[in-house]
Structures are given as structure tokens and as C-alpha cells.
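Visitor: Input: one structure, supplied below.
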Amino acid sequence: MNWLSLLGIDAWIARWRANVIEGAIAAEDRLDLARLEWQDQKRRLISVVVLGIALAGLTVVTLIVLSMALLVHFWDSPERVTVAWSVAGAWLLIWAGLLLGLWSTLRKAGNAFALTRNELAQDWRSLKEKL
């Protein structure tokens with residue numbers, strides 16, 4: 001004779017076993033989601049570092065070229081002035097493009113793990129409702 005079945009504990013154990021299995025599957029899904037978001041975050045951080053280094057290097061170059069353009073501006077030949085300001089303008093445009101790229105990447109990096117946080121918050125609300 002099965003006493004667990006007679007007392008109704010068998011069904012209770014089966015429900016708990018099903019809940020534990022479902023919880024393990026949900027935890028595995030959340031870990032997969034966190035892993036995917038971490039990979040995305042690492043890619044953004046690498047982009048920020050590379051763009052930051054490039055921006056720093058181009059800032060130095062831009063300042064040097066702009067300084068040279070100011071010096072050349074006071075020389076006698078008008079061709080030198082046109083060329084110097086053209087080169088300085090080109091460096092300035094490249095620098096501005098990198099600055100915009102860095103700004104865009106930094107704005108995207110602010111939403112790190114948003115999906116995981118939303119999923120865990122929803123799980124927490126669901127658990128509180130059940131209790």
C-alpha cells in the first residue's frame with residue numbers, strides 16, 4: 001500500500017517536482033539571456049574603448065593641424081592658407097564623425113541588461129502574486 005498516495009502527499013510532491021523543474025528551466029533561460037546581453041555589452045565596451053582612443057589621437061592631430069593653419073594663415077602666399085584650412089577642416093570633420101560615433105555607442109551602452117532586468121522583475125512580481 002502506498003501511504004503517500006493515500007494521504008494525498010503524492011500529488012503535492014509531483015506539483016513541487018514540476019515547479020522545481022519549471023524553475024530550473026526558467027533559471028537556465030535567464031542565464032542564457034544574461035550571457036547574450038553580456039556579450040552585447042562587451043562588444044559595446046570594446047567599441048567605446050577603440051573609438052575613445054581614436055578620438056584622443058585625432059584630437060591631438062586636429063589641434064596640431066589647426067595650430068599650423070593659424071600660423072600659415074599669416075604667411076604671405078594665399079595658396080598655403082587655402083590648403084592649410086582645407087586640411088584642418090578635413091581633420092575636424094573626421095574628428096566630429098568619431099565623436100558622434102562615440103556618443104551613439106555610449107548612449108546604447110546605458111541600457112545594459114535591460115531584457116534580463118525586465119524578465120527578472122516580471123518573475124519577481126509573478127512570484128509575489130503566487131505567495
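The way I read the labels, and the way they are meant: chains A, B, ... in the order of the C-alpha cells, residue 1 as the first residue of every chain, and ligand 1 as the first ligand shown, with later ones counted on from there.
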Excluding same-chain residues fewer than 3 positions from Val72 in chain A, what lies within 7 Å of it counting only C-alpha atoms, as a list in words?

Guide: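 Returned residues: Met68, Ala69, Trp75, Arg80, Val81 and Ala84 of chain A.
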
Visitor: Would you kindly return, as an mmCIF file with C-alpha atoms, in the first residue's frame, each protein, DNA or RNA residue with an atom no farther than 10 Å from any atom of range 113-120 of chain A, considering only C-alpha atoms and excluding same-chain residues fewer than 6 positions away?

Guide:
data_model
loop_
_atom_site.group_PDB
_atom_site.id
_atom_site.type_symbol
_atom_site.label_atom_id
_atom_site.label_comp_id
_atom_site.auth_asym_id
_atom_site.auth_seq_id
_atom_site.Cartn_x
_atom_site.Cartn_y
_atom_site.Cartn_z
ATOM 1 C CA ALA A 27 16.679 29.992 -14.467
ATOM 2 C CA ASP A 29 16.686 30.739 -19.800
ATOM 3 C CA ARG A 30 17.507 33.795 -17.673
ATOM 4 C CA LEU A 31 21.177 32.824 -17.568
ATOM 5 C CA ASP A 32 21.224 32.418 -21.358
ATOM 6 C CA LEU A 33 19.624 35.839 -21.730
ATOM 7 C CA ALA A 34 22.153 37.391 -19.346
ATOM 8 C CA ARG A 35 25.015 35.717 -21.232
ATOM 9 C CA LEU A 36 23.780 37.083 -24.567
ATOM 10 C CA GLU A 37 23.363 40.565 -23.125
ATOM 11 C CA TRP A 38 26.840 40.387 -21.561
ATOM 12 C CA ASP A 40 26.479 42.549 -26.451
ATOM 13 C CA GLN A 41 27.701 44.778 -23.616
ATOM 14 C CA SER A 126 4.724 36.726 -10.520
#

Visitor: Find the residue from A:Thr59, A:Ala121, A:Ala112, A:Leu71 that sits nearest to Leu93 in chain A; use only C-alpha atoms when measuring.

Guide: A:Thr59

Visitor: Using only C-alpha atoms, pick whichever of A:Arg17, A:Arg43, A:Lys128, A:His73 has the shortest atom-to-atom distance to Ala109 in chain A.

Guide: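 Closest to Ala109 in chain A of all the choices is A:Arg43.
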
Visitor: Can you list, as a ChimeraX atom specification, every protein, DNA or RNA residue that comes within 12 Å of Gly97 in chain A when you count only C-alpha atoms, leaving out same-chain residues fewer than 3 positions away?

Guide: /A:51,54-55,58-59,90-94,100-104

Visitor: Please produce a file of the residues just selected, as a short mmCIF file (atom, residue, chain, number, x, y, z; two decimals), in the first residue's frame, where the atoms kept are C-alpha atoms.

Guide:
data_model
loop_
_atom_site.label_atom_id
_atom_site.label_comp_id
_atom_site.auth_asym_id
_atom_site.auth_seq_id
_atom_site.Cartn_x
_atom_site.Cartn_y
_atom_site.Cartn_z
CA LEU A 51 36.57 54.99 -30.51
CA ALA A 54 40.86 57.07 -31.94
CA LEU A 55 39.14 60.24 -30.75
CA LEU A 58 42.57 62.60 -33.71
CA THR A 59 42.10 65.35 -31.15
CA ALA A 90 39.07 67.62 -43.15
CA TRP A 91 40.61 66.59 -39.82
CA LEU A 92 37.88 68.45 -37.99
CA LEU A 93 35.17 66.59 -39.95
CA ILE A 94 36.81 63.22 -39.23
CA LEU A 100 29.28 61.26 -32.97
CA GLY A 101 30.10 57.54 -33.21
CA LEU A 102 31.40 57.51 -29.65
CA TRP A 103 28.34 59.44 -28.42
CA SER A 104 26.00 56.98 -30.13
#

Visitor: Mind giving me the straight-line distance from CA of Thr62 in chain A to CA of Asp76 in chain A in Å, one decimal?

Guide: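 These atoms are spaced 23.2 Å apart.
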
Visitor: Please indicate the distance in Å from CA of Ala88 in chain A to CA of Val65 in chain A, rounded to one decimal place.

Guide: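 Taking CA of Ala88 in chain A and CA of Val65 in chain A, their separation equals 5.4 Å.
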
Visitor: Go through A:Trp95, A:Val83, A:Glu28, A:Leu45 and flag the residue nearest Val60 in chain A, using only C-alpha atoms for the distances.

Guide: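 The closest residue to Val60 in chain A is A:Trp95.
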